[in-house]
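Have a look at the structure below before the remarks.
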Amino acid sequence: MQNLPTFVFVHGAFANSFSFAPLQAELALLGHRSAAVDLPGHGFEATFPAAYQAPQSLDALAAEPGSIKGVTLADNAARVIEVLERAKQNGPTILVAHSRGGLTATAVANARPELIDQIAYVSAWCPVDLDLGDYYAQPEMAEVDAGAFAATFVANPDETGLLRTNFRTADPAALAAFKQAFAADLTDDEFRTFLNTFQPDENLDAGTSADRAQATTWGRIPKTYVRLAADASIPLAAQDRMIREANALTPDNPFDVRTLEGSHLRWLVHPKPAAELLANIAAR
């Protein structure tokens, strides 16, 4: 077992380690070990106020403090580094990031590249030329309507120090917007099941220009970008733009590009193709 790689998974916004359980089961059946990280303020560290339950009280929910307030990208990176340091004692590591988790994975790779034998982004943010917020102003993100979720936002982030979203909304329009953005190819039951794994709070720190991919550290790690072909939240054009920017930054170490069919969340709900793809990456 000493030379077998350990997959280390980093979740996206409002998510947690729980969402990787079906994928980890498939990998285990293929003979691979893995660890899914809960970033600070996620998983069993998350805040689920009583006002978030049924019956809900949105006014009370808006006033409740959250454990994720003040958590930074550096805190996220430190959590993953701690896991990688432990995993590295048992052999090679493959860091796998999804969605906003790509910001953390990039920060980790910038800081401690020696802990990572391979890095894989699965429709994950990998800022190279721009900061995260600036990508949303680019043509590749033109079809993404961030305002579609405005009705589910709770409280003012400037006052609460965190992002709070009511994923337990009963608003049909808001639920339809969530499904279209993240899970258009899932059944309604699959979509609602996954939605119930989300937590209401996320931290505000998405990094700065200093946290973009760095050629001298991040750039020396063998890397794969797994495109999700029907992703409506990070469209294929945006994924391809980040691949192009990264390849221009490190032309001698370009992305190994793979593609999975499906939406932003399908690979986690129906994980067998993703597990086989990751096992193939490990076999390299």
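Lettering and numbering for the structure tokens are positional, with chains as A, B, ... in the shown order, residues counted from 1 in each chain, and ligands counted from 1 in the shown order.
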Item to complete: Any chance you could list, as a ChimeraX atom specification, the residues in range 3-193 of chain A that come up strand (DSSP E) when DSSP is run on the backbone?
Response: /A:6-10,33-37,93-99,118-124,163-164
Practice prompt. List the neighbours of range 166-173 of chain A out to 9 Å using only C-alpha atoms; skip same-chain residues closer than 3 positions along the sequence, and give me the result as JSON, numbers by chain.
Written response: {"A": [52, 53, 54, 56, 58, 148, 151, 152, 153, 154, 176, 177, 178, 195, 196, 198, 199, 200]}
Discussion item. Can you pull out the residues contacting Ala13 in chain A? Cut-off 12 Å, using only C-alpha atoms, and skip same-chain residues under 6 positions away; I want them as JSON, numbers by chain.
Written reply: {"A": [19, 38, 39, 40, 41, 42, 43, 68, 76, 97, 98, 99, 100, 101, 102, 103, 104, 124, 125, 162, 163, 164, 165, 197, 198, 199, 200, 201, 202, 203, 204, 205, 206]}
Those same residues - N, CA and C atoms - I'd like them written as a compact mmCIF listing (two decimals), in the first residue's frame.
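For reference, selection.txt as written:
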# COMPACT_ATOMS: atom_id res chain seq x y z
N SER A 19 -20.22 15.17 0.30
CA SER A 19 -20.63 15.03 -1.11
C SER A 19 -19.72 14.10 -1.89
N ASP A 38 -12.88 18.58 5.02
CA ASP A 38 -13.83 19.64 5.34
C ASP A 38 -13.03 20.91 5.60
N LEU A 39 -13.22 21.92 4.77
CA LEU A 39 -12.55 23.20 5.00
C LEU A 39 -13.10 23.84 6.28
N PRO A 40 -12.37 24.76 6.91
CA PRO A 40 -12.84 25.37 8.16
C PRO A 40 -14.24 25.95 8.03
N GLY A 41 -15.09 25.64 9.01
CA GLY A 41 -16.47 26.12 8.99
C GLY A 41 -17.40 25.26 8.15
N HIS A 42 -16.91 24.10 7.71
CA HIS A 42 -17.70 23.19 6.89
C HIS A 42 -17.87 21.85 7.59
N GLY A 43 -18.74 21.01 7.04
CA GLY A 43 -18.98 19.72 7.66
C GLY A 43 -19.57 19.89 9.05
N ILE A 68 -18.22 30.39 10.26
CA ILE A 68 -17.31 30.58 9.13
C ILE A 68 -16.86 32.04 8.99
N ASN A 76 -8.14 27.95 4.73
CA ASN A 76 -8.52 26.78 3.93
C ASN A 76 -7.27 26.02 3.48
N ALA A 97 -9.75 18.99 -6.77
CA ALA A 97 -10.58 20.11 -6.34
C ALA A 97 -11.78 20.27 -7.25
N HIS A 98 -12.89 20.67 -6.67
CA HIS A 98 -14.12 20.91 -7.41
C HIS A 98 -14.59 22.34 -7.16
N SER A 99 -15.02 23.02 -8.21
CA SER A 99 -15.68 24.31 -8.11
C SER A 99 -14.80 25.33 -7.37
N ARG A 100 -15.34 25.99 -6.34
CA ARG A 100 -14.57 26.99 -5.59
C ARG A 100 -13.38 26.37 -4.85
N GLY A 101 -13.41 25.05 -4.69
CA GLY A 101 -12.27 24.38 -4.07
C GLY A 101 -10.99 24.54 -4.86
N GLY A 102 -11.11 24.89 -6.15
CA GLY A 102 -9.93 25.14 -6.95
C GLY A 102 -9.10 26.30 -6.44
N LEU A 103 -9.75 27.29 -5.83
CA LEU A 103 -9.01 28.41 -5.25
C LEU A 103 -8.08 27.91 -4.14
N THR A 104 -8.63 27.05 -3.28
CA THR A 104 -7.84 26.49 -2.19
C THR A 104 -6.72 25.61 -2.71
N ALA A 124 -13.20 23.31 -11.80
CA ALA A 124 -12.84 24.08 -10.62
C ALA A 124 -12.15 25.38 -11.04
N TRP A 125 -12.27 26.38 -10.19
CA TRP A 125 -11.65 27.67 -10.48
C TRP A 125 -10.14 27.57 -10.33
N LEU A 162 -20.11 37.03 6.28
CA LEU A 162 -20.18 35.74 5.61
C LEU A 162 -21.27 35.78 4.55
N LEU A 163 -21.25 34.77 3.68
CA LEU A 163 -22.32 34.60 2.70
C LEU A 163 -23.32 33.61 3.27
N ARG A 164 -24.59 33.99 3.30
CA ARG A 164 -25.62 33.08 3.83
C ARG A 164 -26.73 32.92 2.79
N THR A 165 -27.03 31.67 2.47
CA THR A 165 -28.03 31.35 1.45
C THR A 165 -29.05 30.38 2.03
N THR A 197 -27.58 18.54 1.29
CA THR A 197 -26.23 18.38 1.87
C THR A 197 -25.50 19.71 1.96
N PHE A 198 -26.02 20.75 1.30
CA PHE A 198 -25.38 22.06 1.37
C PHE A 198 -25.59 22.68 2.74
N GLN A 199 -24.65 23.51 3.14
CA GLN A 199 -24.80 24.29 4.36
C GLN A 199 -25.08 25.74 4.00
N PRO A 200 -25.71 26.49 4.89
CA PRO A 200 -26.14 27.84 4.51
C PRO A 200 -25.03 28.86 4.37
N ASP A 201 -23.88 28.64 5.02
CA ASP A 201 -22.85 29.68 5.10
C ASP A 201 -21.60 29.34 4.30
N GLU A 202 -20.99 30.41 3.75
CA GLU A 202 -19.69 30.31 3.08
C GLU A 202 -18.88 31.55 3.44
N ASN A 203 -17.55 31.39 3.42
CA ASN A 203 -16.69 32.52 3.77
C ASN A 203 -16.58 33.49 2.59
N LEU A 204 -16.10 34.69 2.88
CA LEU A 204 -16.06 35.75 1.88
C LEU A 204 -14.75 35.81 1.10
N ASP A 205 -13.68 35.23 1.62
CA ASP A 205 -12.35 35.43 1.04
C ASP A 205 -12.11 34.51 -0.15
N ALA A 206 -12.08 35.10 -1.35
CA ALA A 206 -11.80 34.34 -2.57
C ALA A 206 -10.38 34.58 -3.07
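Residues lying within 8 Å of Phe255 in chain A, counting only C-alpha atoms and ignoring same-chain neighbours fewer than 5 positions away, are Pro222, Lys223, Thr224, Tyr225, Ile243, Ala246 and Asn247 of chain A.
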File dump, residues just selected, N, CA, C and O atoms, as a PDB file, in the first residue's frame:
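Output below, filename selection-v2.pdb:
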ATOM      1  N   PRO A 222       2.529  18.085 -12.023  1.00  0.00           N
ATOM      2  CA  PRO A 222       1.717  17.503 -13.106  1.00  0.00           C
ATOM      3  C   PRO A 222       0.241  17.738 -12.826  1.00  0.00           C
ATOM      4  O   PRO A 222      -0.230  17.525 -11.699  1.00  0.00           O
ATOM      5  N   LYS A 223      -0.504  18.191 -13.833  1.00  0.00           N
ATOM      6  CA  LYS A 223      -1.863  18.625 -13.557  1.00  0.00           C
ATOM      7  C   LYS A 223      -2.842  18.197 -14.652  1.00  0.00           C
ATOM      8  O   LYS A 223      -2.499  18.093 -15.820  1.00  0.00           O
ATOM      9  N   THR A 224      -4.058  17.966 -14.216  1.00  0.00           N
ATOM     10  CA  THR A 224      -5.151  17.556 -15.091  1.00  0.00           C
ATOM     11  C   THR A 224      -6.317  18.500 -14.891  1.00  0.00           C
ATOM     12  O   THR A 224      -6.601  18.913 -13.758  1.00  0.00           O
ATOM     13  N   TYR A 225      -6.971  18.845 -15.984  1.00  0.00           N
ATOM     14  CA  TYR A 225      -8.235  19.579 -15.868  1.00  0.00           C
ATOM     15  C   TYR A 225      -9.337  18.689 -16.430  1.00  0.00           C
ATOM     16  O   TYR A 225      -9.281  18.286 -17.599  1.00  0.00           O
ATOM     17  N   ILE A 243      -7.883  26.790 -18.774  1.00  0.00           N
ATOM     18  CA  ILE A 243      -6.904  25.827 -19.304  1.00  0.00           C
ATOM     19  C   ILE A 243      -5.901  26.539 -20.207  1.00  0.00           C
ATOM     20  O   ILE A 243      -4.680  26.334 -20.087  1.00  0.00           O
ATOM     21  N   ALA A 246      -3.523  28.741 -18.126  1.00  0.00           N
ATOM     22  CA  ALA A 246      -2.552  27.935 -17.387  1.00  0.00           C
ATOM     23  C   ALA A 246      -1.491  27.371 -18.316  1.00  0.00           C
ATOM     24  O   ALA A 246      -0.295  27.354 -17.984  1.00  0.00           O
ATOM     25  N   ASN A 247      -1.899  26.920 -19.488  1.00  0.00           N
ATOM     26  CA  ASN A 247      -0.930  26.363 -20.434  1.00  0.00           C
ATOM     27  C   ASN A 247       0.032  27.426 -20.947  1.00  0.00           C
ATOM     28  O   ASN A 247       1.204  27.143 -21.226  1.00  0.00           O
TER      29      ASN A 247
END
Practice prompt. List every residue of range 138-190 of chain A that DSSP, applied to the backbone, labels as alpha helix (DSSP H), and write the result as a PyMOL selection string.
Written response: chain A and resi 157-160+172-182+188-190
Practice prompt. Excluding Thr250 in chain A and residues on its chain fewer than 6 positions from it, collect all residues at most 9 Å away from it, counting only C-alpha atoms, and give them as a list of chain:residue names.
Written response: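 What passes the distance filter is A:Ala215, A:Thr216, A:Gly219, A:Arg220.
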